[in-house]
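This is query29.cif. It holds mmCIF, C-alpha atoms.
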data_structure
loop_
_atom_site.label_atom_id
_atom_site.label_comp_id
_atom_site.auth_asym_id
_atom_site.auth_seq_id
_atom_site.Cartn_x
_atom_site.Cartn_y
_atom_site.Cartn_z
CA MET N 1 12.93 -1.90 -12.02
CA THR N 2 9.56 -3.19 -13.12
CA THR N 3 6.19 -1.47 -12.91
CA PRO N 4 3.61 -3.68 -11.23
CA GLN N 5 0.09 -3.59 -12.62
CA ALA N 6 -1.80 -4.64 -9.50
CA LEU N 7 -1.27 -4.91 -5.77
CA PRO N 8 -0.59 -8.50 -4.74
CA ALA N 9 -3.49 -9.97 -2.79
CA GLY N 10 -2.91 -10.14 0.93
CA LEU N 11 -0.23 -7.45 0.98
CA THR N 12 -0.28 -5.82 4.40
CA ALA N 13 1.33 -3.06 6.45
CA LEU N 14 0.93 -2.35 10.16
CA ASP N 15 -1.32 0.26 11.70
CA LEU N 16 -0.24 2.35 14.68
CA GLU N 17 -1.27 -0.45 17.03
CA GLY N 18 0.88 -2.94 15.14
CA ARG N 19 -2.09 -4.72 13.53
CA PRO N 20 -1.85 -5.83 9.90
CA VAL N 21 -3.96 -3.90 7.39
CA GLU N 22 -4.43 -5.16 3.85
CA LEU N 23 -3.56 -2.35 1.47
CA ALA N 24 -6.08 -3.37 -1.19
CA SER N 25 -8.87 -3.16 1.38
CA LEU N 26 -8.09 0.53 1.91
CA ALA N 27 -8.79 1.10 -1.77
CA ALA N 28 -11.96 -0.99 -1.84
CA ASP N 29 -14.31 1.96 -2.31
CA ARG N 30 -12.16 4.73 -3.76
CA PRO N 31 -8.60 5.11 -5.01
CA VAL N 32 -5.76 5.59 -2.58
CA LEU N 33 -2.52 7.43 -3.13
CA PHE N 34 0.05 5.49 -1.14
CA ALA N 35 3.14 7.54 -0.36
CA PHE N 36 6.04 5.28 0.60
CA LEU N 37 8.44 7.16 2.84
CA ARG N 38 12.16 6.50 3.02
CA HIS N 39 11.81 6.62 6.79
CA PHE N 40 9.93 8.50 9.49
CA GLY N 41 11.40 11.86 10.41
CA MET J 1 -5.27 24.52 -1.75
CA GLY J 2 -2.97 22.02 -0.09
CA ARG J 3 -1.84 18.84 -1.72
CA LEU J 4 -4.02 16.77 0.60
CA ASP J 5 -7.10 18.74 -0.48
CA GLU J 6 -6.16 18.26 -4.13
CA ILE J 7 -5.85 14.52 -3.64
CA ARG J 8 -9.23 14.34 -1.91
CA ARG J 9 -10.88 16.51 -4.57
CA ALA J 10 -9.54 14.06 -7.14
CA GLY J 11 -11.57 11.39 -5.36
CA ALA J 12 -8.81 9.64 -3.46
CA ASP J 13 -7.50 9.15 0.03
CA LEU J 14 -3.88 9.56 1.09
CA VAL J 15 -2.06 6.89 3.09
CA LEU J 16 1.55 7.28 4.18
CA ILE J 17 3.65 4.16 4.67
CA GLY J 18 6.99 4.19 6.44
CA ASN J 19 9.18 1.35 7.59
CA GLY J 20 10.06 2.09 11.20
CA ARG J 21 8.50 0.65 14.32
CA PRO J 22 4.81 1.28 15.07
CA ASP J 23 5.75 3.61 17.93
CA GLN J 24 7.87 5.66 15.52
CA ALA J 25 4.93 5.75 13.12
CA THR J 26 2.72 6.96 15.94
CA ALA J 27 5.07 9.83 16.80
CA PHE J 28 5.37 10.79 13.13
CA ALA J 29 1.60 10.74 12.63
CA ARG J 30 1.01 12.84 15.72
CA ASP J 31 3.78 15.37 15.16
CA GLU J 32 4.07 15.68 11.38
CA VAL J 33 0.83 14.68 9.64
CA PRO J 34 -2.15 14.83 12.00
CA GLY J 35 -5.34 13.67 10.28
CA VAL J 36 -3.55 11.52 7.70
CA THR J 37 -3.53 7.73 7.84
CA VAL J 38 -0.05 6.42 8.60
CA LEU J 39 1.01 2.78 8.35
CA THR J 40 4.38 1.13 8.64
CA ASP J 41 6.06 -1.89 7.12
CA PRO J 42 9.32 -2.82 8.85
CA SER J 43 9.43 -6.02 6.76
CA LEU J 44 9.67 -3.88 3.57
CA ARG J 45 7.39 -6.39 1.78
CA THR J 46 5.18 -3.62 0.42
CA TYR J 47 8.23 -1.76 -0.87
CA ARG J 48 9.48 -4.90 -2.61
CA ALA J 49 6.02 -5.56 -4.08
CA LEU J 50 6.26 -2.20 -5.85
CA ASP J 51 9.91 -2.78 -6.73
CA LEU J 52 11.00 0.33 -4.86
CA ARG J 53 14.73 0.82 -4.86
CA ARG J 54 16.93 0.00 -1.90
CA GLY J 55 20.69 0.52 -1.76
CA VAL J 56 23.62 2.43 -0.37
CA LEU J 57 24.34 4.40 -3.55
CA ALA J 58 20.72 5.53 -3.83
CA THR J 59 20.99 6.95 -0.32
CA LEU J 60 24.52 8.36 -0.40
CA GLY J 61 25.01 9.23 -4.08
CA PRO J 62 25.68 12.75 -5.37
CA ARG J 63 22.03 13.66 -6.02
CA SER J 64 21.09 12.60 -2.52
CA ALA J 65 23.98 14.58 -1.05
CA LEU J 66 22.91 17.70 -2.94
CA ALA J 67 19.35 17.29 -1.74
CA ALA J 68 20.54 16.83 1.83
CA ALA J 69 22.71 19.95 1.60
CA SER J 70 19.80 21.93 0.20
CA ALA J 71 17.51 20.74 2.98
CA PHE J 72 20.16 21.62 5.56
CA ARG J 73 20.41 25.17 4.17
CA ARG J 74 16.62 25.49 4.50
CA GLY J 75 16.92 24.60 8.17
CA HIS J 76 15.85 20.97 8.06
CA ARG J 77 17.73 18.75 10.48
CA GLN J 78 17.25 15.00 10.33
CA ALA J 79 17.08 13.18 13.63
CA ALA J 80 18.04 9.54 13.98
CA THR J 81 16.71 7.48 11.09
CA ALA J 82 13.43 5.85 12.05
CA GLY J 83 13.43 3.02 9.59
CA ASP J 84 15.66 1.41 6.99
CA ALA J 85 18.51 3.79 6.09
CA TRP J 86 18.95 2.41 2.56
CA GLN J 87 15.30 2.17 1.47
CA GLN J 88 14.04 4.66 -1.09
CA GLY J 89 10.47 5.84 -1.34
CA GLY J 90 7.87 6.28 -4.01
CA LEU J 91 4.22 6.72 -4.80
CA ALA J 92 1.50 4.34 -5.93
CA VAL J 93 -2.08 5.14 -6.89
CA VAL J 94 -4.28 2.09 -6.38
CA ALA J 95 -7.85 1.85 -7.64
CA PRO J 96 -10.60 -0.41 -6.28
CA GLY J 97 -9.82 -3.97 -7.22
CA GLY J 98 -6.14 -3.42 -6.59
CA ARG J 99 -5.37 -2.00 -10.04
CA ILE J 100 -2.32 0.25 -9.98
CA LEU J 101 -2.90 3.48 -11.89
CA PHE J 102 0.43 5.16 -11.27
CA VAL J 103 3.80 4.28 -9.74
CA GLN J 104 6.82 6.40 -8.96
CA GLN J 105 9.92 4.49 -7.89
CA ASN J 106 12.38 7.02 -6.54
CA ARG J 107 15.89 6.65 -7.90
CA ASP J 108 17.54 8.27 -4.89
CA ALA J 109 16.93 10.32 -1.78
CA GLY J 110 16.93 13.55 -3.80
CA GLU J 111 13.92 12.69 -5.95
CA ARG J 112 10.76 14.61 -5.15
CA PRO J 113 7.32 12.97 -5.11
CA ASP J 114 5.55 13.35 -8.45
CA VAL J 115 2.22 14.42 -6.98
CA GLU J 116 1.19 16.01 -10.28
CA GLY J 117 1.65 12.67 -12.02
CA ALA J 118 -0.42 10.93 -9.37
CA LEU J 119 -3.18 13.55 -9.61
CA ALA J 120 -3.23 13.23 -13.41
CA ALA J 121 -3.70 9.46 -13.08
CA LEU J 122 -6.54 9.99 -10.59
CA ARG J 123 -8.28 12.51 -12.84
CA ALA J 124 -7.91 10.26 -15.88
CA ASN J 125 -9.44 7.42 -13.89
CA ARG J 126 -12.46 9.59 -13.04
CA ALA J 127 -12.98 10.91 -16.55
CA PRO J 128 -15.90 9.34 -18.42
CA ALA J 129 -14.96 7.02 -21.23
CA PRO J 130 -15.13 8.63 -24.69
CA GLY J 131 -18.62 8.28 -26.10
CA GLY J 132 -19.91 7.09 -22.76
#
Give the structure from this file in structure tokens form.
Amino acid sequence: MTTPQALPAGLTALDLEGRPVELASLAADRPVLFAFLRHFG
Amino acid sequence: MGRLDEIRRAGADLVLIGNGRPDQATAFARDEVPGVTVLTDPSLRTYRALDLRRGVLATLGPRSALAAASAFRRGHRQAATAGDAWQQGGLAVVAPGGRILFVQQNRDAGERPDVEGALAALRANRAPAPGG
């Protein structure tokens, strides 16, 4: 495994409405701790 | 103080990302983590970008089985998997500008989130530079 140094530009996930959200934009003003789940539930 | 409060006091927000359908994410957000931002990535692109592990052995290996047995003894019962059964999780602390301050790439389903490591990275990021 490698350890990335920066989020790739344009990397998105979906919000609850199914709309893409760019992850870097969420951290535009302050840091974000992203917790990646194995699955829901 | 809860972990969420600690994260916010360290100057950060918390975002959970799963990999099921948006309707499964909605149910999870409503039932399990109200007030926390939840996203989902069924394509797994975000997981691959962080080189998070995915595989059968990581999910069904001995450490994962022990963790599952322990959870079962504590009364946890997993419903149908809402997402990719073989995908492992992890943590990433991202600073403005997209710089990654901390990454945890879980080896298997039994690995716990290293919240202390993430908080340490956040606090170090907030600390003034020496002499500054």
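If you take all atoms listed in the file and a cut-off of 6 Å, the residues of chain J that reach chain N are Ala12, Asp13, Leu14, Val15, Leu16, Ile17, Gly18, Asn19, Pro22, Thr26, Leu39, Thr40, Asp41, Ala82, Gly83, Gln87, Gln88, Gly89, Gly90, Leu91, Ala92, Val93, Val94, Ala95, Pro96, Gly98, Arg99 and Ile100 of chain J.
When CA of Ala121 in chain J is paired with CA of Phe102 in chain J, their separation reads 6.2 Å.
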statement: As a check of understanding: the span from CA of Asn125 in chain J to CA of Arg45 in chain J is 26.8 Å
task: With a distance cut-off of 7 Å and all atoms listed in the file, select the neighbouring residues of Leu122 in chain J, excluding the residue or stretch itself and same-chain residues fewer than 4 positions from it, and output the selection as a PyMOL selection string.
output: chain J and resi 10+118+126
